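What follows is the content of protein_32.cif, which has mmCIF, C-alpha atoms:
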```cif
data_my_file
loop_
_atom_site.label_atom_id
_atom_site.label_comp_id
_atom_site.auth_asym_id
_atom_site.auth_seq_id
_atom_site.Cartn_x
_atom_site.Cartn_y
_atom_site.Cartn_z
CA MET T 176 18.56 9.89 -19.88
CA ALA T 177 19.79 11.19 -23.23
CA ALA T 178 17.16 13.75 -24.14
CA ARG T 179 15.94 15.87 -21.25
CA PRO T 180 12.17 15.94 -21.37
CA SER T 181 10.56 19.38 -21.26
CA SER T 182 9.05 20.69 -18.04
CA TRP T 183 5.58 20.50 -19.55
CA SER T 184 5.88 16.81 -20.33
CA ILE T 185 7.34 16.11 -16.88
CA LEU T 186 4.18 17.63 -15.43
CA THR T 187 1.58 16.12 -17.75
CA ASP T 188 3.00 12.70 -18.57
CA PRO T 189 2.08 11.11 -15.24
CA LEU T 190 -1.54 12.28 -15.55
CA ILE T 191 -2.63 9.59 -17.99
CA ARG T 192 0.17 8.24 -20.13
CA GLN T 193 2.43 7.35 -17.18
CA ASN T 194 -0.23 7.27 -14.51
CA PRO T 195 1.34 6.07 -11.25
CA VAL T 196 -1.60 3.91 -10.23
CA THR T 197 -2.58 2.22 -13.46
CA LEU T 198 0.80 1.88 -15.16
CA GLN T 199 3.63 2.17 -12.67
CA ILE T 200 1.84 0.05 -10.01
CA LEU T 201 2.78 2.52 -7.29
CA GLY T 202 0.73 3.59 -4.30
CA LEU T 203 -1.97 1.00 -4.69
CA CYS T 204 -2.62 0.33 -1.02
CA SER T 205 -4.10 3.68 -0.23
CA ALA T 206 -5.63 4.05 -3.69
CA LEU T 207 -8.08 1.28 -2.95
CA ALA T 208 -8.59 1.62 0.77
CA VAL T 209 -9.74 5.24 0.93
CA THR T 210 -11.94 5.36 -2.15
CA THR T 211 -15.25 4.44 -0.56
CA SER T 212 -16.26 8.10 -0.77
CA VAL T 213 -15.12 11.11 -2.76
CA ALA T 214 -14.42 13.22 0.32
CA THR T 215 -11.88 10.78 1.77
CA ALA T 216 -10.34 10.25 -1.66
CA LEU T 217 -9.86 14.01 -2.08
CA THR T 218 -8.37 14.46 1.39
CA MET T 219 -6.02 11.56 0.85
CA SER T 220 -4.97 12.88 -2.57
CA ALA T 221 -4.26 16.33 -1.16
CA ALA T 222 -2.23 14.89 1.73
CA LEU T 223 -0.25 12.62 -0.55
CA THR T 224 0.44 15.32 -3.13
CA ALA T 225 1.66 17.67 -0.40
CA VAL T 226 4.01 15.04 1.05
CA LEU T 227 5.22 14.08 -2.41
CA VAL T 228 6.04 17.62 -3.53
CA LEU T 229 7.70 18.63 -0.25
CA SER T 230 9.77 15.48 0.05
CA ALA T 231 10.83 15.75 -3.60
CA ALA T 232 11.98 19.31 -2.98
CA LEU T 233 13.88 18.45 0.21
CA ILE T 234 15.55 15.34 -1.12
CA SER T 235 16.45 16.99 -4.38
CA MET T 236 18.04 19.90 -2.51
CA ILE T 237 20.32 17.65 -0.46
CA ARG T 238 20.78 15.01 -3.15
CA ASN T 239 24.50 15.67 -3.53
CA HIS T 240 25.14 15.26 0.19
CA ILE T 241 23.39 11.92 0.82
CA PRO T 242 25.79 8.95 0.84
CA GLY T 243 24.44 6.20 -1.39
CA SER T 244 24.53 3.48 1.24
CA ILE T 245 22.17 5.18 3.69
CA ARG T 246 19.99 7.06 1.23
CA LEU T 247 16.90 4.90 1.87
CA ILE T 248 17.00 5.63 5.58
CA VAL T 249 17.48 9.35 4.95
CA GLN T 250 14.59 9.44 2.51
CA ILE T 251 12.29 7.51 4.84
CA VAL T 252 13.06 9.76 7.77
CA ILE T 253 12.32 12.88 5.70
CA VAL T 254 9.08 11.41 4.41
CA ALA T 255 8.04 10.18 7.86
CA SER T 256 8.60 13.61 9.40
CA LEU T 257 6.47 15.26 6.71
CA VAL T 258 3.75 12.67 7.21
CA ILE T 259 3.69 13.34 10.95
CA VAL T 260 3.20 17.06 10.24
CA ILE T 261 0.36 16.38 7.77
CA ASP T 262 -1.25 13.92 10.17
CA GLN T 263 -1.23 16.45 12.99
CA ILE T 264 -2.68 19.14 10.70
CA LEU T 265 -5.50 16.82 9.60
CA GLN T 266 -6.29 15.88 13.18
CA ALA T 267 -6.39 19.52 14.17
CA TYR T 268 -8.57 20.88 11.37
CA LEU T 269 -10.36 17.95 9.74
CA PHE T 270 -10.83 15.61 12.68
CA GLU T 271 -13.83 13.74 11.32
CA ILE T 272 -12.21 12.84 8.01
CA SER T 273 -8.94 11.97 9.70
CA GLN T 274 -10.84 9.44 11.83
CA ARG T 275 -12.28 7.87 8.69
CA LEU T 276 -8.85 7.68 7.07
CA SER T 277 -7.56 6.00 10.27
CA VAL T 278 -4.06 4.59 9.78
CA PHE T 279 -3.91 5.34 6.08
CA VAL T 280 -2.50 8.83 6.53
CA SER T 281 0.39 7.37 8.52
CA LEU T 282 0.80 4.80 5.81
CA ILE T 283 1.72 7.50 3.29
CA THR T 284 5.19 6.95 4.77
CA THR T 285 5.37 3.56 3.18
CA ASN T 286 3.46 4.52 0.07
CA CYS T 287 5.59 3.13 -2.73
CA LEU T 288 4.70 6.16 -4.83
CA VAL T 289 6.61 8.58 -2.60
CA LEU T 290 9.76 6.49 -2.32
CA GLY T 291 9.50 5.36 -5.91
CA ARG T 292 9.58 8.92 -7.21
CA THR T 293 12.22 10.21 -4.81
CA GLU T 294 14.38 7.21 -5.54
CA SER T 295 14.05 7.29 -9.32
CA PHE T 296 13.64 11.00 -10.07
CA SER T 297 14.34 13.49 -7.27
CA ARG T 298 17.69 11.90 -6.56
CA HIS T 299 19.02 12.87 -10.00
CA ASN T 300 17.30 16.16 -10.73
CA PRO T 301 17.34 19.75 -9.47
CA PRO T 302 14.55 20.86 -7.11
CA GLY T 303 12.40 22.64 -9.69
CA ARG T 304 12.09 19.67 -11.99
CA ALA T 305 11.75 17.25 -9.09
CA MET T 306 8.82 19.24 -7.71
CA LEU T 307 7.15 19.35 -11.13
CA ASP T 308 7.51 15.59 -11.45
CA ALA T 309 6.15 15.10 -7.94
CA LEU T 310 3.21 17.40 -8.64
CA GLY T 311 2.41 15.56 -11.86
CA ASN T 312 2.51 12.20 -10.15
CA GLY T 313 0.44 13.47 -7.26
CA LEU T 314 -2.19 14.76 -9.66
CA GLY T 315 -2.19 11.52 -11.65
CA TYR T 316 -2.70 9.62 -8.40
CA SER T 317 -5.48 12.00 -7.39
CA LEU T 318 -7.18 11.55 -10.76
CA ALA T 319 -7.27 7.76 -10.40
CA LEU T 320 -8.50 8.04 -6.80
CA VAL T 321 -11.26 10.48 -7.60
CA VAL T 322 -12.49 8.42 -10.55
CA ILE T 323 -12.69 5.24 -8.47
CA GLY T 324 -14.08 7.12 -5.46
CA SER T 325 -16.79 8.71 -7.57
CA ILE T 326 -17.96 5.39 -9.00
CA ARG T 327 -17.96 3.71 -5.61
CA GLU T 328 -19.80 6.50 -3.82
CA LEU T 329 -22.30 7.02 -6.64
CA PHE T 330 -23.36 3.39 -6.87
CA GLY T 331 -22.66 2.40 -3.28
CA ALA T 332 -24.52 5.23 -1.57
CA GLY T 333 -26.22 7.11 -4.41
CA SER T 334 -24.41 10.33 -3.61
CA TRP T 335 -21.43 12.32 -4.85
CA LEU T 336 -19.39 14.32 -2.37
CA ASP T 337 -22.27 13.89 0.13
CA TRP T 338 -24.70 15.38 -2.38
CA GLN T 339 -27.56 12.96 -3.04
CA VAL T 340 -27.68 12.18 -6.77
CA PHE T 341 -29.96 9.17 -6.68
CA GLN T 342 -32.72 9.15 -4.08
CA THR T 343 -32.26 5.91 -2.13
CA VAL T 344 -35.09 3.53 -1.27
CA ASP T 345 -34.71 4.27 2.44
CA ASN T 346 -35.59 7.90 1.79
CA GLY T 347 -38.56 7.10 -0.44
CA GLY T 348 -36.64 7.14 -3.73
CA TRP T 349 -36.06 4.42 -6.27
CA PHE T 350 -32.36 3.62 -5.96
CA THR T 351 -31.24 0.55 -4.07
CA PRO T 352 -27.61 1.08 -3.04
CA LEU T 353 -25.23 -1.61 -4.23
CA SER T 354 -23.53 -2.34 -0.95
CA LEU T 355 -20.92 -4.47 -2.75
CA MET T 356 -19.49 -1.20 -4.06
CA LEU T 357 -18.47 -0.21 -0.54
CA LEU T 358 -16.76 -3.54 0.18
CA ALA T 359 -13.21 -4.52 -0.64
CA PRO T 360 -13.72 -6.63 -3.80
CA SER T 361 -15.31 -3.86 -5.84
CA GLY T 362 -12.18 -1.73 -5.41
CA PHE T 363 -10.17 -4.42 -7.14
CA PHE T 364 -12.76 -4.88 -9.89
CA LEU T 365 -13.04 -1.16 -10.60
CA LEU T 366 -9.31 -0.65 -10.73
CA GLY T 367 -8.97 -3.69 -12.98
CA GLY T 368 -11.68 -2.29 -15.25
CA LEU T 369 -10.00 1.12 -15.26
CA VAL T 370 -6.68 -0.43 -16.27
CA TRP T 371 -8.41 -2.44 -18.99
CA ALA T 372 -10.23 0.63 -20.34
CA LEU T 373 -7.06 2.74 -20.37
CA ARG T 374 -5.09 0.07 -22.14
CA SER T 375 -7.76 -0.40 -24.76
CA VAL T 376 -7.57 3.30 -25.56
CA LEU T 377 -3.77 3.43 -25.37
CA PRO T 378 -2.65 0.04 -26.72
CA GLU T 379 1.04 0.83 -26.26
CA GLN T 380 0.53 0.39 -22.50
CA ALA T 381 -0.60 -3.22 -22.84
CA GLU T 382 1.70 -5.93 -21.55
CA ASP T 383 2.58 -9.13 -23.31
CA PRO T 384 1.39 -12.36 -21.74
CA GLU T 385 3.54 -13.03 -18.70
CA LEU T 386 4.10 -16.72 -19.16
CA LEU T 387 4.00 -18.74 -22.32
CA PRO T 388 2.44 -22.19 -22.28
CA PRO T 389 4.97 -24.64 -20.97
CA ASP T 390 7.32 -25.84 -23.62
CA ARG T 391 9.81 -25.26 -20.87
CA PRO T 392 8.21 -26.42 -17.63
CA GLU T 393 10.75 -24.62 -15.45
CA ASP T 394 9.14 -21.33 -16.44
CA ILE T 395 6.15 -22.10 -14.29
CA ALA T 396 7.89 -23.37 -11.19
CA MET Y 211 -5.58 -19.70 24.84
CA SER Y 212 -8.63 -19.90 22.60
CA ASP Y 213 -8.56 -16.12 22.53
CA LEU Y 214 -5.13 -16.18 20.97
CA ALA Y 215 -6.13 -18.90 18.50
CA SER Y 216 -9.12 -16.95 17.33
CA LEU Y 217 -7.01 -13.78 17.10
CA PHE Y 218 -4.61 -15.69 14.84
CA LEU Y 219 -7.45 -16.85 12.58
CA ARG Y 220 -8.91 -13.36 12.55
CA ALA Y 221 -5.62 -11.75 11.57
CA ALA Y 222 -4.89 -14.37 8.93
CA PHE Y 223 -8.26 -14.76 7.22
CA VAL Y 224 -10.97 -12.33 8.31
CA GLU Y 225 -8.69 -9.29 8.29
CA ASN Y 226 -6.41 -10.50 5.57
CA MET Y 227 -3.99 -7.65 4.89
CA PRO Y 228 -3.91 -7.50 1.09
CA LEU Y 229 -7.43 -8.73 0.35
CA THR Y 230 -9.59 -6.87 2.85
CA PHE Y 231 -7.45 -3.89 3.87
CA PHE Y 232 -5.58 -3.41 0.58
CA LEU Y 233 -2.30 -3.30 2.46
CA GLY Y 234 0.97 -4.29 0.88
CA LEU Y 235 -0.55 -4.41 -2.56
CA CYS Y 236 2.54 -3.18 -4.36
CA THR Y 237 4.59 -6.24 -3.48
CA PHE Y 238 1.47 -8.41 -3.56
CA ILE Y 239 0.98 -7.64 -7.24
CA ALA Y 240 4.61 -7.26 -8.26
CA LEU Y 241 5.97 -10.47 -6.72
CA SER Y 242 3.11 -12.83 -7.58
CA ARG Y 243 4.26 -13.55 -11.12
CA LYS Y 244 5.76 -16.90 -10.13
CA THR Y 245 5.14 -19.14 -7.15
CA GLY Y 246 8.79 -19.42 -6.08
CA PRO Y 247 9.44 -15.77 -5.21
CA ALA Y 248 5.88 -15.51 -3.88
CA LEU Y 249 6.56 -18.26 -1.37
CA GLY Y 250 9.81 -16.56 -0.35
CA LEU Y 251 8.01 -13.27 0.12
CA GLY Y 252 5.39 -14.98 2.25
CA VAL Y 253 7.98 -16.56 4.54
CA ALA Y 254 9.81 -13.24 4.87
CA MET Y 255 6.55 -11.50 5.76
CA VAL Y 256 5.80 -14.01 8.54
CA ALA Y 257 9.31 -13.57 9.94
CA VAL Y 258 9.39 -9.78 9.75
CA MET Y 259 5.89 -9.22 11.10
CA GLY Y 260 6.30 -11.81 13.84
CA VAL Y 261 9.37 -9.92 15.07
CA THR Y 262 8.48 -6.28 14.47
CA VAL Y 263 4.97 -6.14 15.92
CA PRO Y 264 5.87 -7.37 19.43
CA LEU Y 265 9.14 -5.38 19.35
CA ASN Y 266 7.25 -2.22 18.47
CA HIS Y 267 4.78 -3.04 21.22
CA LEU Y 268 7.62 -3.03 23.76
CA ILE Y 269 9.06 0.20 22.40
CA PHE Y 270 5.74 1.97 22.22
CA ASN Y 271 4.64 1.05 25.73
CA GLY Y 272 8.10 1.46 27.24
CA LEU Y 273 9.10 4.77 25.69
CA LEU Y 274 6.42 6.51 23.71
CA ALA Y 275 2.99 5.94 25.23
CA PRO Y 276 1.47 8.72 27.35
CA GLY Y 277 2.81 8.30 30.88
CA ALA Y 278 5.63 5.96 29.90
CA TRP Y 279 8.16 8.28 31.54
CA ALA Y 280 6.24 8.51 34.81
CA TRP Y 281 9.08 6.75 36.68
CA ALA Y 282 11.41 9.62 35.74
CA GLY Y 283 8.99 12.22 37.03
CA LEU Y 284 7.75 13.19 33.56
CA SER Y 285 4.25 11.82 33.97
CA ASP Y 286 2.58 14.06 31.39
CA THR Y 287 5.09 13.52 28.60
CA ASP Y 288 3.34 12.13 25.53
CA LEU Y 289 5.70 11.07 22.77
CA SER Y 290 3.22 8.96 20.86
CA TYR Y 291 3.45 11.22 17.81
CA LEU Y 292 6.98 9.89 17.33
CA ARG Y 293 5.74 6.35 16.84
CA LEU Y 294 5.87 6.50 13.04
CA ILE Y 295 9.60 7.19 12.96
CA ALA Y 296 10.31 4.69 15.73
CA PHE Y 297 8.35 1.92 14.00
CA ILE Y 298 9.98 2.56 10.63
CA GLY Y 299 13.40 2.44 12.26
CA VAL Y 300 12.67 -0.91 13.91
CA ILE Y 301 11.30 -2.34 10.68
CA ALA Y 302 14.26 -1.13 8.64
CA ALA Y 303 16.69 -2.66 11.15
CA THR Y 304 14.82 -5.97 11.22
CA VAL Y 305 14.75 -6.20 7.44
CA GLN Y 306 18.46 -5.45 7.29
CA LEU Y 307 19.14 -8.15 9.87
CA LEU Y 308 17.02 -10.68 8.00
CA GLU Y 309 18.88 -9.85 4.82
CA MET Y 310 22.25 -10.42 6.48
CA VAL Y 311 21.12 -13.75 7.99
CA LEU Y 312 19.73 -14.97 4.68
CA ASP Y 313 22.84 -13.87 2.82
CA ARG Y 314 25.04 -15.78 5.25
CA PHE Y 315 23.08 -19.02 5.68
CA PHE Y 316 20.66 -19.28 2.75
CA PRO Y 317 22.31 -17.61 -0.23
CA ALA Y 318 19.96 -19.30 -2.71
CA ILE Y 319 16.86 -17.79 -1.10
CA HIS Y 320 18.64 -14.48 -0.80
CA ALA Y 321 19.42 -14.47 -4.51
CA SER Y 322 15.82 -15.24 -5.44
CA PHE Y 323 14.61 -12.18 -3.52
CA GLY Y 324 16.73 -9.82 -5.56
CA VAL Y 325 15.89 -6.21 -4.86
CA PHE Y 326 12.64 -6.98 -3.12
CA LEU Y 327 13.93 -7.73 0.34
CA PRO Y 328 15.07 -4.15 1.06
CA LEU Y 329 11.71 -3.01 -0.25
CA LEU Y 330 10.01 -4.83 2.62
CA THR Y 331 11.04 -1.79 4.66
CA VAL Y 332 8.43 0.21 2.83
CA GLN Y 333 5.84 -2.53 2.89
CA CYS Y 334 2.57 -0.97 4.01
CA ALA Y 335 1.31 -4.19 5.59
CA ILE Y 336 4.24 -4.43 8.00
CA LEU Y 337 3.93 -0.86 9.22
CA ALA Y 338 0.16 -1.20 9.36
CA GLY Y 339 0.54 -4.26 11.59
CA SER Y 340 2.34 -2.13 14.16
CA LEU Y 341 -0.11 0.77 13.80
CA PHE Y 342 -3.12 -1.52 14.24
CA MET Y 343 -1.43 -2.97 17.32
CA VAL Y 344 -1.35 0.52 18.86
CA GLU Y 345 -4.85 1.43 17.72
CA ARG Y 346 -6.37 -1.72 19.22
CA SER Y 347 -4.14 -1.73 22.35
CA TYR Y 348 -3.08 -5.38 22.15
CA THR Y 349 -1.04 -6.97 24.94
CA LEU Y 350 2.43 -8.34 24.21
CA ALA Y 351 1.22 -11.92 23.62
CA GLN Y 352 -1.65 -10.71 21.50
CA SER Y 353 0.59 -8.54 19.37
CA ALA Y 354 3.01 -11.43 18.72
CA VAL Y 355 0.10 -13.64 17.65
CA PHE Y 356 -1.38 -10.83 15.57
CA GLY Y 357 1.91 -10.25 13.77
CA LEU Y 358 2.37 -13.93 12.98
CA GLY Y 359 -1.23 -14.31 11.88
CA ALA Y 360 -1.19 -11.29 9.61
CA GLY Y 361 2.09 -12.43 8.03
CA PHE Y 362 0.67 -15.93 7.53
CA GLY Y 363 -2.46 -14.53 5.90
CA PHE Y 364 -0.34 -12.47 3.54
CA ALA Y 365 1.75 -15.53 2.66
CA VAL Y 366 -1.32 -17.65 1.89
CA ALA Y 367 -2.87 -14.94 -0.27
CA VAL Y 368 0.26 -14.18 -2.28
CA VAL Y 369 1.04 -17.86 -2.97
CA MET Y 370 -2.53 -18.49 -4.08
CA LEU Y 371 -2.50 -15.49 -6.38
CA ALA Y 372 0.81 -16.57 -7.90
CA ALA Y 373 -0.53 -20.08 -8.48
CA ILE Y 374 -3.59 -18.73 -10.27
CA ARG Y 375 -1.51 -16.36 -12.38
CA ALA Y 376 0.75 -19.21 -13.47
CA ARG Y 377 -2.33 -21.01 -14.82
CA LEU Y 378 -3.24 -17.95 -16.88
CA SER Y 379 -0.66 -18.95 -19.48
CA TYR Y 380 -3.36 -21.24 -20.88
CA ALA Y 381 -5.92 -18.47 -21.10
CA ASP Y 382 -6.44 -16.27 -24.14
CA LEU Y 383 -7.02 -12.85 -22.62
CA PRO Y 384 -7.95 -9.59 -24.34
CA ARG Y 385 -4.74 -7.69 -24.92
CA GLY Y 386 -5.54 -4.84 -22.57
CA LEU Y 387 -6.18 -7.21 -19.69
CA ASN Y 388 -2.80 -8.93 -19.72
CA GLY Y 389 -0.71 -8.46 -16.60
CA LEU Y 390 -2.03 -5.81 -14.26
CA GLY Y 391 -5.68 -5.76 -15.32
CA ILE Y 392 -6.43 -9.44 -14.91
CA THR Y 393 -4.46 -9.54 -11.67
CA PHE Y 394 -6.81 -6.99 -10.14
CA PHE Y 395 -9.82 -9.03 -11.22
CA LEU Y 396 -8.26 -12.17 -9.71
CA ALA Y 397 -7.51 -10.34 -6.48
CA GLY Y 398 -11.08 -9.07 -6.40
CA LEU Y 399 -12.45 -12.59 -6.79
CA MET Y 400 -10.13 -13.85 -4.06
CA SER Y 401 -11.25 -10.98 -1.89
CA LEU Y 402 -14.87 -12.05 -2.38
CA GLY Y 403 -13.90 -15.54 -1.31
CA PHE Y 404 -12.06 -14.33 1.74
CA SER Y 405 -15.02 -12.22 2.84
CA ALA Y 406 -16.82 -15.52 3.44
CA PHE Y 407 -14.32 -16.22 6.24
CA ALA Y 408 -15.87 -13.38 8.19
CA GLN Y 409 -18.53 -15.77 9.46
CA MET Y 410 -16.02 -18.38 10.62
CA VAL Y 411 -14.66 -16.56 13.65
CA ALA Y 412 -17.00 -15.50 16.39
CA SER Y 413 -16.66 -11.77 16.81
#
```
Hey, can you dump this file as structure tokens for me?
Amino acid sequence: MAARPSSWSILTDPLIRQNPVTLQILGLCSALAVTTSVATALTMSAALTAVLVLSAALISMIRNHIPGSIRLIVQIVIVASLVIVIDQILQAYLFEISQRLSVFVSLITTNCLVLGRTESFSRHNPPGRAMLDALGNGLGYSLALVVIGSIRELFGAGSWLDWQVFQTVDNGGWFTPLSLMLLAPSGFFLLGGLVWALRSVLPEQAEDPELLPPDRPEDIA
Amino acid sequence: MSDLASLFLRAAFVENMPLTFFLGLCTFIALSRKTGPALGLGVAMVAVMGVTVPLNHLIFNGLLAPGAWAWAGLSDTDLSYLRLIAFIGVIAATVQLLEMVLDRFFPAIHASFGVFLPLLTVQCAILAGSLFMVERSYTLAQSAVFGLGAGFGFAVAVVMLAAIRARLSYADLPRGLNGLGITFFLAGLMSLGFSAFAQMVAS
């Protein structure tokens, strides 16, 4: 809290160095569930970034008027109202994609990323900085989603954003789609690999081993 | 009766919340460092989901569903877009109640939860349980069984993951994989295992 970081670093830090998905462990649920194709990943990212920025602005504006004991409820109600608006907009204009996202748009309400940022940043900062921080985190989240979505769509269906990159066997091409890529486990593997790759490039992100071998057995219980 | 039993198995294993729908991953990953807190989280999930899903079913069908106000002459009122706020309110109240009960009667368990119990309010899996209940139009009995089953499945998965992670202290991992990275790989492997359950329950 001592040195106030510059606006530029508030915006760019969450992109890679403080990425919400790979480092802060926030917003994982939707990050994995909607990444079977790039289109859904992009829609989800846009919806989440919009909710994040708007809720950061609102909460930061009234931050001096929220009593501490009920702040969680206030924040959740604000976020839930915004999510309802976004959900209705998606159903009105992008019905097909909103069907594919199913309950995950509603689940932005409980996305830890939104509450995590409002709770730890917007509550203590003026609206401008809070919105920058929210935008940065939203973009970092989008980056992780699009990377995973691209890999899964490319190898799972041979296409990218519905544009056929590899001609699949069914259409007379050579590429046999890896259907595992569209199933749940591959999401975990890809995200694990992404975390591993990032931490090899940026070693300061690596964690120490969680548990040491048991000199003290109570550590494991 | 067998319907309900197979719904329970389905909710617990075939449609396991964290491993096949990626729901509730934040707490799934964050609280699986040790088996003790993981077990506590699992029990809390069973309790909260077993209560909130049927309660939300009553509220949704009594107040919010299209035509719910027909008895008052408002037959074309459709309040279902309010369900998100209603569900969150019920969940927040239930979690608060659970916290007060635990604090009063089981202070040791309450202490081991630390800050994580209030965070159950924003647990995706709990809210998703209620949303799935609406989407699939379960009856009251079905939604109670579904809530219990989904909570039980979460508990099993999180305790297993914590047990495996505890054994990792003997493994010599590459530095970048420690913590988060290896946990995702473990969850992926467990998810592969759980996908085998899909054949167990007749669809």
Please build the interface table for chain Y against chain T with a cut-off of 6 Å, listing for each qualifying residue the nearest atom pair and the distance in Å to one decimal; count all atoms listed in the file, order rows by chain and increasing number, and write it as a Markdown table.
```
| residue | atom | partner | partner_atom | distance |
| --- | --- | --- | --- | --- |
| Y:Thr230 | CA | T:Ala359 | CA | 5.6 |
| Y:Phe232 | CA | T:Cys204 | CA | 5.0 |
| Y:Leu233 | CA | T:Cys204 | CA | 5.0 |
| Y:Leu235 | CA | T:Cys204 | CA | 5.4 |
| Y:Val332 | CA | T:Thr285 | CA | 4.6 |
| Y:Cys334 | CA | T:Thr285 | CA | 5.4 |
| Y:Ser379 | CA | T:Leu386 | CA | 5.3 |
| Y:Gly386 | CA | T:Arg374 | CA | 4.9 |
| Y:Leu387 | CA | T:Trp371 | CA | 5.3 |
| Y:Asn388 | CA | T:Glu382 | CA | 5.7 |
| Y:Gly391 | CA | T:Gly367 | CA | 4.5 |
| Y:Phe394 | CA | T:Gly367 | CA | 4.9 |
| Y:Phe395 | CA | T:Phe364 | CA | 5.3 |
| Y:Gly398 | CA | T:Pro360 | CA | 4.4 |
| Y:Ser401 | CA | T:Pro360 | CA | 5.4 |
| Y:Leu402 | CA | T:Pro360 | CA | 5.7 |
```
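Counting all atoms listed in the file, Val300 in chain Y has the following residues at most 10 Å away, ignoring those fewer than 6 positions along the same chain: Y:Val261, Y:Thr262, Y:Val263, Y:Leu265, Y:Asn266, Y:Ile269, Y:Gln306, Y:Thr331, Y:Leu337.
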Keeping only C-alpha atoms, write the selected residues to a file as a short mmCIF file (atom, residue, chain, number, x, y, z; two decimals), in the coordinates of the input.
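Generated file (result_23.cif):
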```cif
data_model
loop_
_atom_site.label_atom_id
_atom_site.label_comp_id
_atom_site.auth_asym_id
_atom_site.auth_seq_id
_atom_site.Cartn_x
_atom_site.Cartn_y
_atom_site.Cartn_z
CA VAL Y 261 9.37 -9.92 15.07
CA THR Y 262 8.48 -6.28 14.47
CA VAL Y 263 4.97 -6.14 15.92
CA LEU Y 265 9.14 -5.38 19.35
CA ASN Y 266 7.25 -2.22 18.47
CA ILE Y 269 9.06 0.20 22.40
CA GLN Y 306 18.46 -5.45 7.29
CA THR Y 331 11.04 -1.79 4.66
CA LEU Y 337 3.93 -0.86 9.22
#
```
Can you spell out as an MDAnalysis selection string the set of residues that the PyMOL selection byres ((chain Y and resi 338-343) around 10) selects in the structure I just provided? (chainID T and resid 277:279 281:282 285) or (chainID Y and resid 221 227 231 233:234 259:260 262:267 270 293:294 297:298 301 333:337 344:350 352:354 356:358 360:361)
Determine the residue membership of the PyMOL selection byres ((chain Y and resi 371) around 9) for the file above and supply it as a PDB file with C-alpha atoms, in the coordinates of the input.
```pdb
ATOM      1  CA  PHE Y 238       1.470  -8.410  -3.560  1.00  0.00           C
ATOM      2  CA  ILE Y 239       0.980  -7.640  -7.240  1.00  0.00           C
ATOM      3  CA  SER Y 242       3.110 -12.830  -7.580  1.00  0.00           C
ATOM      4  CA  ARG Y 243       4.260 -13.550 -11.120  1.00  0.00           C
ATOM      5  CA  THR Y 245       5.140 -19.140  -7.150  1.00  0.00           C
ATOM      6  CA  ALA Y 248       5.880 -15.510  -3.880  1.00  0.00           C
ATOM      7  CA  VAL Y 366      -1.320 -17.650   1.890  1.00  0.00           C
ATOM      8  CA  ALA Y 367      -2.870 -14.940  -0.270  1.00  0.00           C
ATOM      9  CA  VAL Y 368       0.260 -14.180  -2.280  1.00  0.00           C
ATOM     10  CA  VAL Y 369       1.040 -17.860  -2.970  1.00  0.00           C
ATOM     11  CA  MET Y 370      -2.530 -18.490  -4.080  1.00  0.00           C
ATOM     12  CA  ALA Y 372       0.810 -16.570  -7.900  1.00  0.00           C
ATOM     13  CA  ALA Y 373      -0.530 -20.080  -8.480  1.00  0.00           C
ATOM     14  CA  ILE Y 374      -3.590 -18.730 -10.270  1.00  0.00           C
ATOM     15  CA  ARG Y 375      -1.510 -16.360 -12.380  1.00  0.00           C
ATOM     16  CA  ALA Y 376       0.750 -19.210 -13.470  1.00  0.00           C
ATOM     17  CA  THR Y 393      -4.460  -9.540 -11.670  1.00  0.00           C
ATOM     18  CA  LEU Y 396      -8.260 -12.170  -9.710  1.00  0.00           C
ATOM     19  CA  ALA Y 397      -7.510 -10.340  -6.480  1.00  0.00           C
ATOM     20  CA  MET Y 400     -10.130 -13.850  -4.060  1.00  0.00           C
TER      21      MET Y 400
END
```
For CA of Gly252 in chain Y and CA of Leu308 in chain Y, the interatomic separation in Å (one decimal): 13.7 Å
Running the PyMOL selection byres ((chain T and resi 230) around 9) on this model by hand, what would come out? Give it as number ranges by chain. T: 225-229, 231-235, 250, 253-254, 257, 289, 293, 297, 306, 309
So how far away is CA of Arg385 in chain Y from CA of Met356 in chain T, in Å? 26.4 Å
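Each of T:Ser184, T:Asp337, T:Asp308, T:Val321 was checked against Ala221 in chain T using all atoms listed in the file; the smallest atom-to-atom distance is that of T:Val321.
Across the model, the gap from CA of Gly299 in chain Y to CA of Pro328 in chain Y is 13.1 Å.
Distance check against Ala240 in chain Y using all atoms listed in the file: of Y:Leu284, Y:Leu390, Y:Phe404, Y:Ala254, the minimum falls on Y:Leu390.
The closest residue to Thr218 in chain T, picked from T:Met236, T:Leu320, T:Leu310, T:Ala267 and counting all atoms listed in the file, is T:Leu320.
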